[in-house]
Amino acid sequence: MNGATSPSGLPPSEPARPRGLLARLHLDLPLLTGLLLLSGFGLVVLYSASGQDMHQVERQIIRLLIAFGVLFALAQVPAQSLQRWSPWLYLAGILMLVAVLAMGVVGKGAQRWLDLGFMRFQPSELVKLATPMMIAWHLSKHRLPPDWKELLTSLALIGLPVFLIARQPDLGTAILVASSGLFVLFLAGVSWRLIGGLLFTAAAAAPVLWHFMRDYQRQRVLTFLNPESDPLGAGYHIIQSKIAIGSGGIYGKGWLNGTQSQLEFLPERHTDFIFAVLGEEFGLVGAIVLLLLSLFVIFRGLQIAGQAQDSYSRLLGGALILVYFVYLFVNTGMVSGLLPVVGVPLPLVSYGGTSLVTLMAGFGILMSIHTHRKLLPR
Amino acid sequence: MKGRELKDYRRESRLFIRRALAAALLVLLALSAILARLFYLQVMRHDHFTTLAHDNRVKLLPLPPTRGLIYDRSGRLLAYNRPSFNLEIVPEKAGNLKQTIERLSRVIPILDSDRERFERLRRQRRRFDSIPVKLGISSREAALFAVNQHKFPGVSIRARLTRTYPLGAPLAHVVGYVGRISRKDLQRIDPSNYAGTTHVGKTGIERAYESVLHGHVGYQQVEVNAQGKTVRVLKEIPPQPGRTLILNLDSSLQQVALDAFGDHNGAAVAIDPRNGAVLALVSKPGFDPNLFVDGISSRDYRSLRNDPNKPLFNRALKGVYPPGSTVKPFMGLAGLELGVITTSTKLNCRGYFQLPGREHKYRDWKKVGHGITDLDKAITQSCDVFFYRLAHQTGIDRLQSFLANFRFGEHTGIDLVGERRGIRPSREWKRKRYHQIWFPGETVIIGIGQGSFQATPLQLAAATAALANGGHYYEPRLVRELVDEASGKHTPVPTVEHPIPVGDPANWKAIQQAMLHVVEGAHGTARRIRTPRYRIAGKTGTAQVFSVAQDAEYKENEVSKQMRDHALFIAYAPVEAPRIAVAVVVEHGGHGGSAAAPIARKIMDAWLIHQGHLPRLSGEKQ
């Protein structure tokens, strides 16, 4: 990133200039701007996707406020504190996952929630943060790149929560958790040969994975391969979503004018498939705007990670921003028929709360990493 | 120590930045793939998906046209559409039909006959047709169902127009009836034009004028949502209602004719000789056509089918009877026109006829014979021997080709479906039918309308009309005009004439005169129907149902009714300016003069006197 190759090899540090209000609040202006623009755009699309239901938009605004509150709160916590808490958070997450499997609340055919009496809590959301924290903590204790022993323990540390989440079953979250941990390993400098080997092993394990899949998961894969085989059943989502996007054209049908979304041909139009509403009503142009805003957020996140002063912050920050990318890629890929249907929402745009809060918490950590740097001598 | 850490730090930082750059590259690549996919969907396949989106939301709903009404010539309504409410099921949407009906019956009483009709209609329906479970439900039942509707997917109350025939049985064989469209019907209709239509004409005028009565389907282009609910109407092409028919037929004359039969079965056809207009067309007994509209129950149908009187059989159109002596005027005309005889040709009738050199005796109905007989006497008293000889002398070839002029053995061309042509015997016909040669003896009995000769009452009436008007054979027409109710435009149904070549009008006059003597003459076989009000020309006939053995005698009161002869009578009146020609067949009625002629008289009285169609005649009566 910019300044990455400064002659000293040190991470670039800001010149000693007066710190602004935002910096004192431990907020990063570019990242915050990107997130606000994305959320604003998301609300506009959501109003249309909810069938012009202002009530839903208001609830989403409240969720966004809570999420930004969590962001702000975490931005105040120095990364060193997080580093210390990492193993305990991870442990707590694993225990709760076990608890969910043992006595969780069943909803939509899966066991994901833990009833705490006053609220329902989804431990897998905590694990989304705790896993990359744990791996970053584990690897940053030693020299980088990690040796094969650290690699194996890391894989085991990733595998445990992924297995527990996949058992719920929640394929989307399992993928996100796995990718968050694997990104830490990737950023830590695991050799390309090992990465290649891992990818090969994963491909070879696919048939084994198939064996362990639930029927509905297998169906999703089959439907992805040939959606027209079941146009009124499982393939319906993909077919209708492709029709919505394709009929949007370059400039779209106009806000609130999407026939696929307004006449409810598009299922789950305000949650997982909201990107199709965007594609239908705002066209290719609207989709490019969303992708560019997201790209800006991702690159700013990577830059922050690159400028971080210790391995833990770097690895955690990089992994968290790449998880955001996975959200974006899996969702848009699924809605446009490029990837199979996995329940992953479009970050900051889809209606819904839990994953929004987790994501914002991640961005809060990034801001904390950026704004708690010590000024190092040049 | 510190130096090494610093070195590690630098190295690790560089390593991380390399990896972060690789990750950035991965991000760019992945998002480019998404972008490429969007470009493919939104730019390259845009038209394809636009079409699909359009097909998704825009549906065409057919708007069925209203069926045209049918009136008789004096404006009496014969067929109309009565609004009613039916409880209907679309089987494709209802799931388990048996359970659905079982549960429905707890809300609205459903009779066994309703279930049975439903099952029957279900077997012959089109896909996604809505089938009635219960017809004509009351508003109370409708309300009861409406409350429970959510429990019955695929079941709904539909406002329908039910075809109704207010006069019922007397016109069943003329107007016919409509029934639900069956798979078989689909072969003769354009399915797209019948998209919203449930019924189609099955018999009678309803069938023959189906395309006129039905009209043209309209369409509503509507926007629907994913649940199939109409959100708004985009475009509407209204249906073109069917045209109203006005018949030539007079329903009160029809009723008179029917009543005139008393307890007898048979058929009567009355035609206006000036244009072929069918004034009455009776086949007795009739049936209630309303039973068929929404599917007749199998019990009702069985009883109609097994009724020995065959009420479903249209005798006027499809009943083929040996015409008997009623063909004698036509035979006489053939003899005159072909030059075989003249009006003064005489013969001594001794009660039988023998072919030269043969023993077999062809008997006259009058055992002792008629004595010296000319053509006029032969027709008036119905001498068989005269016509045996005439037929023999004319020969079958010339005879049958002359009879073809009067369309015996041909379709009359009436505007109904399913008329029979009867049989006009010829060498060719026999070769085709039996692969046998023609025997001269067959020609002899053809002369008196027996043997293989067969004609329908309709054919006899149309031929009589042509005889009455001096050679203008008009195709019988039931429908006078079509009325477009929207524009008020009347379109007359054209008359079609098959002119008969006239050799010498005097020959026709002679035959007409002889037929007049049948009624007016002192020895005429129909003299008992003579009336001072107007003059009738006619000819009696008797069709053998079972043949009497040679030398045996047929005694009417000795044979059971089923074996008794059919009584026939053809007539027209008034002789000076014919307004009505009638053919009557009374099954097992015995003699034409006693059984059939009075019926014809009643029909002619009703038409000419009671309905005032008797023309004012200039000059004095002859």
# chains A, B, ... in the order shown; residues from 1 in each chain; ligands from 1
>>> interface_residues(of="chain A", to="chain B", cutoff="7 Å", atoms="only C-alpha atoms", output="MDAnalysis selection string")
chainID A and resid 9:10 144 187:189 243 245:250 260 263:265 284 302 306 329 332:333
>>> residues_around(residues="region 35-37 of chain A", least_positions_apart="4", cutoff="12 Å", atoms="only C-alpha atoms", output="ChimeraX atom specification")
/A:27-31,41-44,61,64-65,67-68,71,289-290,292-298,300-301,324,347-349,356,359-360,363-364
>>> write_last_selection(atoms="C-alpha atoms", output="PDB file, in the first residue's frame")
ATOM      1  CA  LEU A  27     -12.464   6.753  14.414  1.00  0.00           C
ATOM      2  CA  ASP A  28     -11.003   6.529  10.913  1.00  0.00           C
ATOM      3  CA  LEU A  29     -12.638   9.028   8.571  1.00  0.00           C
ATOM      4  CA  PRO A  30     -12.226   7.202   5.207  1.00  0.00           C
ATOM      5  CA  LEU A  31     -13.437   3.882   6.601  1.00  0.00           C
ATOM      6  CA  PHE A  41     -27.338   3.127  -0.009  1.00  0.00           C
ATOM      7  CA  GLY A  42     -28.482  -0.065   1.706  1.00  0.00           C
ATOM      8  CA  LEU A  43     -31.395   1.713   3.405  1.00  0.00           C
ATOM      9  CA  VAL A  44     -32.533   3.180   0.089  1.00  0.00           C
ATOM     10  CA  ILE A  61     -31.907   2.114  11.184  1.00  0.00           C
ATOM     11  CA  LEU A  64     -27.449   0.233  12.305  1.00  0.00           C
ATOM     12  CA  LEU A  65     -27.301   2.650  15.239  1.00  0.00           C
ATOM     13  CA  ALA A  67     -24.026  -1.639  15.247  1.00  0.00           C
ATOM     14  CA  PHE A  68     -22.272   1.706  14.910  1.00  0.00           C
ATOM     15  CA  LEU A  71     -18.111  -0.125  16.387  1.00  0.00           C
ATOM     16  CA  VAL A 289     -21.408   1.808  -7.271  1.00  0.00           C
ATOM     17  CA  LEU A 290     -21.927  -0.790  -4.541  1.00  0.00           C
ATOM     18  CA  LEU A 292     -16.675   0.345  -5.792  1.00  0.00           C
ATOM     19  CA  LEU A 293     -17.767   1.516  -2.332  1.00  0.00           C
ATOM     20  CA  SER A 294     -17.062  -1.947  -0.957  1.00  0.00           C
ATOM     21  CA  LEU A 295     -13.705  -2.052  -2.731  1.00  0.00           C
ATOM     22  CA  PHE A 296     -12.828   1.277  -1.161  1.00  0.00           C
ATOM     23  CA  VAL A 297     -13.695  -0.077   2.286  1.00  0.00           C
ATOM     24  CA  ILE A 298     -11.678  -3.253   1.691  1.00  0.00           C
ATOM     25  CA  ARG A 300      -8.764   1.078   3.287  1.00  0.00           C
ATOM     26  CA  GLY A 301      -9.006  -1.865   5.675  1.00  0.00           C
ATOM     27  CA  TYR A 324     -16.036  -8.605   4.875  1.00  0.00           C
ATOM     28  CA  PRO A 347     -23.042  -6.858   4.420  1.00  0.00           C
ATOM     29  CA  LEU A 348     -24.546  -3.524   5.560  1.00  0.00           C
ATOM     30  CA  VAL A 349     -27.403  -3.788   3.048  1.00  0.00           C
ATOM     31  CA  LEU A 356     -24.413  -6.571  11.083  1.00  0.00           C
ATOM     32  CA  LEU A 359     -19.273  -6.897  11.097  1.00  0.00           C
ATOM     33  CA  MET A 360     -19.318  -3.463  12.680  1.00  0.00           C
ATOM     34  CA  PHE A 363     -14.618  -2.508  11.685  1.00  0.00           C
ATOM     35  CA  GLY A 364     -14.387  -1.108  15.229  1.00  0.00           C
TER      36      GLY A 364
END
>>> residues_around(residues="Gln512 (chain B)", least_positions_apart="6", cutoff="8 Å", atoms="only C-alpha atoms", output="list in words")
Leu467, Ala468, Ala537 and Val575 of chain B
>>> residues_around(residues="Gly538 (chain B)", least_positions_apart="2", cutoff="10 Å", atoms="only C-alpha atoms", output="JSON, numbers by chain")
{"B": [326, 329, 379, 380, 464, 468, 512, 513, 514, 515, 516, 517, 518, 519, 520, 524, 525, 526, 527, 535, 536, 540, 569, 570, 571, 572, 573, 575, 581, 582, 583, 593, 597, 600]}
>>> write_last_selection(atoms="C-alpha atoms", output="PDB file, in the first residue's frame")
ATOM      1  CA  THR B 326     -96.356 -40.704 -50.856  1.00  0.00           C
ATOM      2  CA  PRO B 329     -96.980 -38.068 -57.239  1.00  0.00           C
ATOM      3  CA  ILE B 379    -102.958 -40.976 -57.393  1.00  0.00           C
ATOM      4  CA  THR B 380    -106.355 -40.138 -55.964  1.00  0.00           C
ATOM      5  CA  THR B 464     -93.432 -31.753 -51.425  1.00  0.00           C
ATOM      6  CA  ALA B 468     -96.029 -27.399 -54.768  1.00  0.00           C
ATOM      7  CA  GLN B 512    -100.930 -31.062 -58.368  1.00  0.00           C
ATOM      8  CA  GLN B 513    -104.486 -31.543 -59.600  1.00  0.00           C
ATOM      9  CA  ALA B 514    -104.379 -35.233 -58.762  1.00  0.00           C
ATOM     10  CA  MET B 515    -103.083 -34.445 -55.290  1.00  0.00           C
ATOM     11  CA  LEU B 516    -105.931 -32.010 -54.845  1.00  0.00           C
ATOM     12  CA  HIS B 517    -108.332 -34.820 -55.697  1.00  0.00           C
ATOM     13  CA  VAL B 518    -106.785 -36.965 -52.972  1.00  0.00           C
ATOM     14  CA  VAL B 519    -108.404 -34.567 -50.505  1.00  0.00           C
ATOM     15  CA  GLU B 520    -111.221 -33.024 -52.476  1.00  0.00           C
ATOM     16  CA  GLY B 524    -109.747 -39.483 -52.394  1.00  0.00           C
ATOM     17  CA  THR B 525    -107.840 -41.396 -49.722  1.00  0.00           C
ATOM     18  CA  ALA B 526    -107.663 -38.254 -47.576  1.00  0.00           C
ATOM     19  CA  ARG B 527    -111.106 -36.915 -48.252  1.00  0.00           C
ATOM     20  CA  ARG B 535    -107.952 -26.289 -50.521  1.00  0.00           C
ATOM     21  CA  ILE B 536    -105.389 -28.929 -49.654  1.00  0.00           C
ATOM     22  CA  THR B 540    -101.398 -40.579 -48.242  1.00  0.00           C
ATOM     23  CA  PHE B 569     -99.055 -38.054 -45.380  1.00  0.00           C
ATOM     24  CA  ILE B 570     -97.630 -35.266 -47.490  1.00  0.00           C
ATOM     25  CA  ALA B 571     -99.619 -32.149 -48.299  1.00  0.00           C
ATOM     26  CA  TYR B 572     -99.502 -28.491 -49.141  1.00  0.00           C
ATOM     27  CA  ALA B 573    -102.019 -25.684 -49.028  1.00  0.00           C
ATOM     28  CA  VAL B 575    -103.356 -25.185 -53.652  1.00  0.00           C
ATOM     29  CA  ALA B 581     -95.977 -27.928 -47.207  1.00  0.00           C
ATOM     30  CA  VAL B 582     -96.166 -30.692 -44.623  1.00  0.00           C
ATOM     31  CA  ALA B 583     -94.880 -34.223 -44.257  1.00  0.00           C
ATOM     32  CA  GLY B 593    -105.455 -41.126 -44.545  1.00  0.00           C
ATOM     33  CA  ALA B 597    -103.639 -36.675 -42.630  1.00  0.00           C
ATOM     34  CA  ALA B 600    -101.294 -32.396 -41.245  1.00  0.00           C
TER      35      ALA B 600
END
>>> residues_around(residues="Lys141 (chain A)", least_positions_apart="3", cutoff="12 Å", atoms="only C-alpha atoms", output="MDAnalysis selection string")
chainID A and resid 83:84 134:138 144:146 150 188 310:312
>>> write_last_selection(atoms="C-alpha atoms", output="tab-separated table (two decimals), in the first residue's frame")
chain	number	residue	atom	x	y	z
A	83	GLN	CA	-4.86	-9.67	22.24
A	84	ARG	CA	-4.92	-10.58	25.91
A	134	MET	CA	-7.24	-16.70	18.49
A	135	ILE	CA	-5.21	-17.59	15.41
A	136	ALA	CA	-3.61	-14.12	15.32
A	137	TRP	CA	-2.79	-14.46	19.03
A	138	HIS	CA	-1.36	-17.94	18.51
A	144	LEU	CA	6.47	-15.39	11.20
A	145	PRO	CA	6.00	-17.16	8.91
A	146	PRO	CA	4.69	-19.95	11.12
A	150	GLU	CA	2.00	-23.81	14.42
A	188	ALA	CA	1.03	-14.67	8.32
A	310	ASP	CA	2.47	-5.39	15.59
A	311	SER	CA	1.85	-8.79	14.06
A	312	TYR	CA	-1.32	-9.45	16.06
>>> residues_around(residues="region 366-372 of chain A", least_positions_apart="4", cutoff="10 Å", atoms="only C-alpha atoms", output="compact mmCIF listing (two decimals) with N, CA and C atoms, in the first residue's frame")
# COMPACT_ATOMS: atom_id res chain seq x y z
N LEU A 22 -12.09 13.24 15.25
CA LEU A 22 -12.32 11.84 14.92
C LEU A 22 -11.22 10.97 15.46
N ALA A 23 -9.99 11.44 15.33
CA ALA A 23 -8.87 10.64 15.82
C ALA A 23 -8.95 10.49 17.33
N ARG A 24 -9.38 11.57 17.98
CA ARG A 24 -9.52 11.48 19.43
C ARG A 24 -10.63 10.51 19.81
N LEU A 25 -11.62 10.39 18.95
CA LEU A 25 -12.69 9.42 19.19
C LEU A 25 -12.29 8.03 18.69
N HIS A 26 -11.02 7.93 18.21
CA HIS A 26 -10.50 6.67 17.67
C HIS A 26 -11.28 6.18 16.46
N LEU A 27 -11.75 7.14 15.64
CA LEU A 27 -12.46 6.75 14.41
C LEU A 27 -11.61 7.09 13.21
N ASP A 28 -11.74 6.27 12.15
CA ASP A 28 -11.00 6.53 10.91
C ASP A 28 -11.97 7.11 9.89
N LEU A 29 -11.69 8.32 9.43
CA LEU A 29 -12.64 9.03 8.57
C LEU A 29 -12.93 8.29 7.27
N LEU A 31 -12.69 5.12 6.38
CA LEU A 31 -13.44 3.88 6.60
C LEU A 31 -14.87 4.20 7.05
N LEU A 32 -15.00 5.16 7.96
CA LEU A 32 -16.31 5.54 8.46
C LEU A 32 -17.18 6.07 7.32
N LEU A 71 -19.33 -0.54 17.08
CA LEU A 71 -18.11 -0.13 16.39
C LEU A 71 -17.35 0.91 17.22
N PHE A 72 -18.11 1.92 17.65
CA PHE A 72 -17.49 2.98 18.42
C PHE A 72 -16.89 2.44 19.71
N ALA A 73 -17.62 1.56 20.37
CA ALA A 73 -17.15 1.00 21.63
C ALA A 73 -15.85 0.23 21.43
N LEU A 74 -15.84 -0.62 20.40
CA LEU A 74 -14.64 -1.43 20.19
C LEU A 74 -13.46 -0.59 19.72
N ALA A 75 -13.77 0.53 19.04
CA ALA A 75 -12.69 1.40 18.59
C ALA A 75 -11.91 1.98 19.77
N GLN A 76 -12.59 2.04 20.93
CA GLN A 76 -11.91 2.60 22.10
C GLN A 76 -11.00 1.58 22.78
N VAL A 77 -11.19 0.29 22.46
CA VAL A 77 -10.41 -0.75 23.14
C VAL A 77 -9.09 -0.93 22.41
N PRO A 78 -7.96 -0.74 23.07
CA PRO A 78 -6.67 -0.94 22.40
C PRO A 78 -6.49 -2.40 21.99
N ALA A 79 -5.80 -2.59 20.86
CA ALA A 79 -5.63 -3.93 20.32
C ALA A 79 -4.93 -4.84 21.31
N GLN A 80 -4.05 -4.24 22.16
CA GLN A 80 -3.32 -5.08 23.13
C GLN A 80 -4.29 -5.78 24.10
N ARG A 300 -9.10 0.26 2.11
CA ARG A 300 -8.76 1.08 3.29
C ARG A 300 -8.46 0.16 4.47
N GLY A 301 -9.23 -0.91 4.60
CA GLY A 301 -9.01 -1.86 5.68
C GLY A 301 -7.65 -2.52 5.54
N LEU A 302 -7.28 -2.93 4.34
CA LEU A 302 -5.99 -3.57 4.13
C LEU A 302 -4.86 -2.59 4.43
N GLN A 303 -5.10 -1.33 4.04
CA GLN A 303 -4.09 -0.31 4.30
C GLN A 303 -3.87 -0.12 5.79
N ILE A 304 -5.00 -0.09 6.54
CA ILE A 304 -4.89 0.05 8.00
C ILE A 304 -4.10 -1.12 8.58
N ALA A 305 -4.43 -2.32 8.09
CA ALA A 305 -3.73 -3.50 8.58
C ALA A 305 -2.24 -3.39 8.25
N GLY A 306 -1.95 -2.92 7.04
CA GLY A 306 -0.55 -2.81 6.62
C GLY A 306 0.22 -1.81 7.46
N GLN A 307 -0.47 -0.81 7.97
CA GLN A 307 0.20 0.23 8.75
C GLN A 307 0.26 -0.12 10.23
N ALA A 308 -0.34 -1.25 10.61
CA ALA A 308 -0.37 -1.61 12.02
C ALA A 308 1.05 -1.92 12.50
N GLN A 309 1.24 -1.80 13.84
CA GLN A 309 2.60 -1.83 14.36
C GLN A 309 3.00 -3.16 14.94
N ASP A 310 2.06 -4.08 15.08
CA ASP A 310 2.47 -5.39 15.59
C ASP A 310 1.77 -6.49 14.81
N TYR A 312 0.04 -9.12 15.68
CA TYR A 312 -1.32 -9.45 16.06
C TYR A 312 -2.31 -8.52 15.38
N SER A 313 -2.05 -7.20 15.47
CA SER A 313 -2.97 -6.22 14.87
C SER A 313 -3.04 -6.40 13.36
N ARG A 314 -1.86 -6.57 12.76
CA ARG A 314 -1.83 -6.75 11.32
C ARG A 314 -2.67 -7.93 10.88
N LEU A 316 -4.93 -9.74 12.54
CA LEU A 316 -6.35 -9.65 12.87
C LEU A 316 -7.05 -8.65 11.94
N GLY A 317 -6.48 -7.47 11.79
CA GLY A 317 -7.09 -6.43 10.95
C GLY A 317 -7.25 -6.92 9.52
N GLY A 318 -6.19 -7.52 8.98
CA GLY A 318 -6.26 -8.02 7.60
C GLY A 318 -7.34 -9.09 7.45
N LEU A 320 -10.00 -9.60 9.33
CA LEU A 320 -11.36 -9.08 9.50
C LEU A 320 -11.85 -8.40 8.21
N ILE A 321 -10.99 -7.62 7.56
CA ILE A 321 -11.45 -6.93 6.35
C ILE A 321 -11.66 -7.93 5.22
N MET A 360 -19.68 -4.80 12.20
CA MET A 360 -19.32 -3.46 12.68
C MET A 360 -18.30 -3.57 13.80
N ALA A 361 -18.44 -4.62 14.63
CA ALA A 361 -17.45 -4.85 15.67
C ALA A 361 -16.08 -5.03 15.03
N GLY A 362 -16.05 -5.78 13.92
CA GLY A 362 -14.79 -5.98 13.19
C GLY A 362 -14.22 -4.65 12.72
>>> residues_around(residues="Arg120 (chain B)", least_positions_apart="4", cutoff="12 Å", atoms="only C-alpha atoms", output="number ranges by chain")
B: 113-116, 124-125, 131-133, 180, 182, 294-298
>>> atom_distance(atom1="CA of Gly154 (chain B)", atom2="CA of Ile101 (chain B)")
11.4 Å
>>> atom_distance(atom1="CA of Val277 (chain A)", atom2="CA of Leu29 (chain B)")
24.0 Å
>>> closest_residue(among="B:Leu77, B:Ile423, B:Ile181, B:Ser487", to="Arg123 (chain B)", atoms="only C-alpha atoms")
B:Ile181
>>> select_by_dssp(residues="region 254-427 of chain B", states="strand (DSSP E or B)", output="list in words")
Gly266, Ala267, Ala268, Val269, Ala270, Ile271, Asp272, Ala277, Val278, Leu279, Ala280, Leu281, Val282, Ser283, Lys284, Tyr321, Leu347, Asn348, Cys349, Tyr352, Phe353, Tyr362, Arg363, Gly371, Ile372, Thr373 and Ile423 of chain B
>>> closest_residue(among="B:Lys539, B:Arg67, B:Arg350, B:Arg477", to="Arg274 (chain B)", atoms="only C-alpha atoms")
B:Arg477
>>> atom_distance(atom1="CA of Val479 (chain B)", atom2="CA of Val320 (chain B)")
23.7 Å
>>> select_by_dssp(residues="region 52-188 of chain A", states="helix (DSSP H, G or I)", output="PyMOL selection string")
chain A and resi 54-75+79-103+123-140+148-166+171-187
>>> closest_residue(among="B:Lys602, B:Arg160, B:Arg243, B:His173", to="Val212 (chain B)", atoms="only C-alpha atoms")
B:Arg243
>>> closest_residue(among="A:Pro132, A:Gly172, A:Gly283, A:Gly181", to="Asn331 (chain A)", atoms="only C-alpha atoms")
A:Gly172
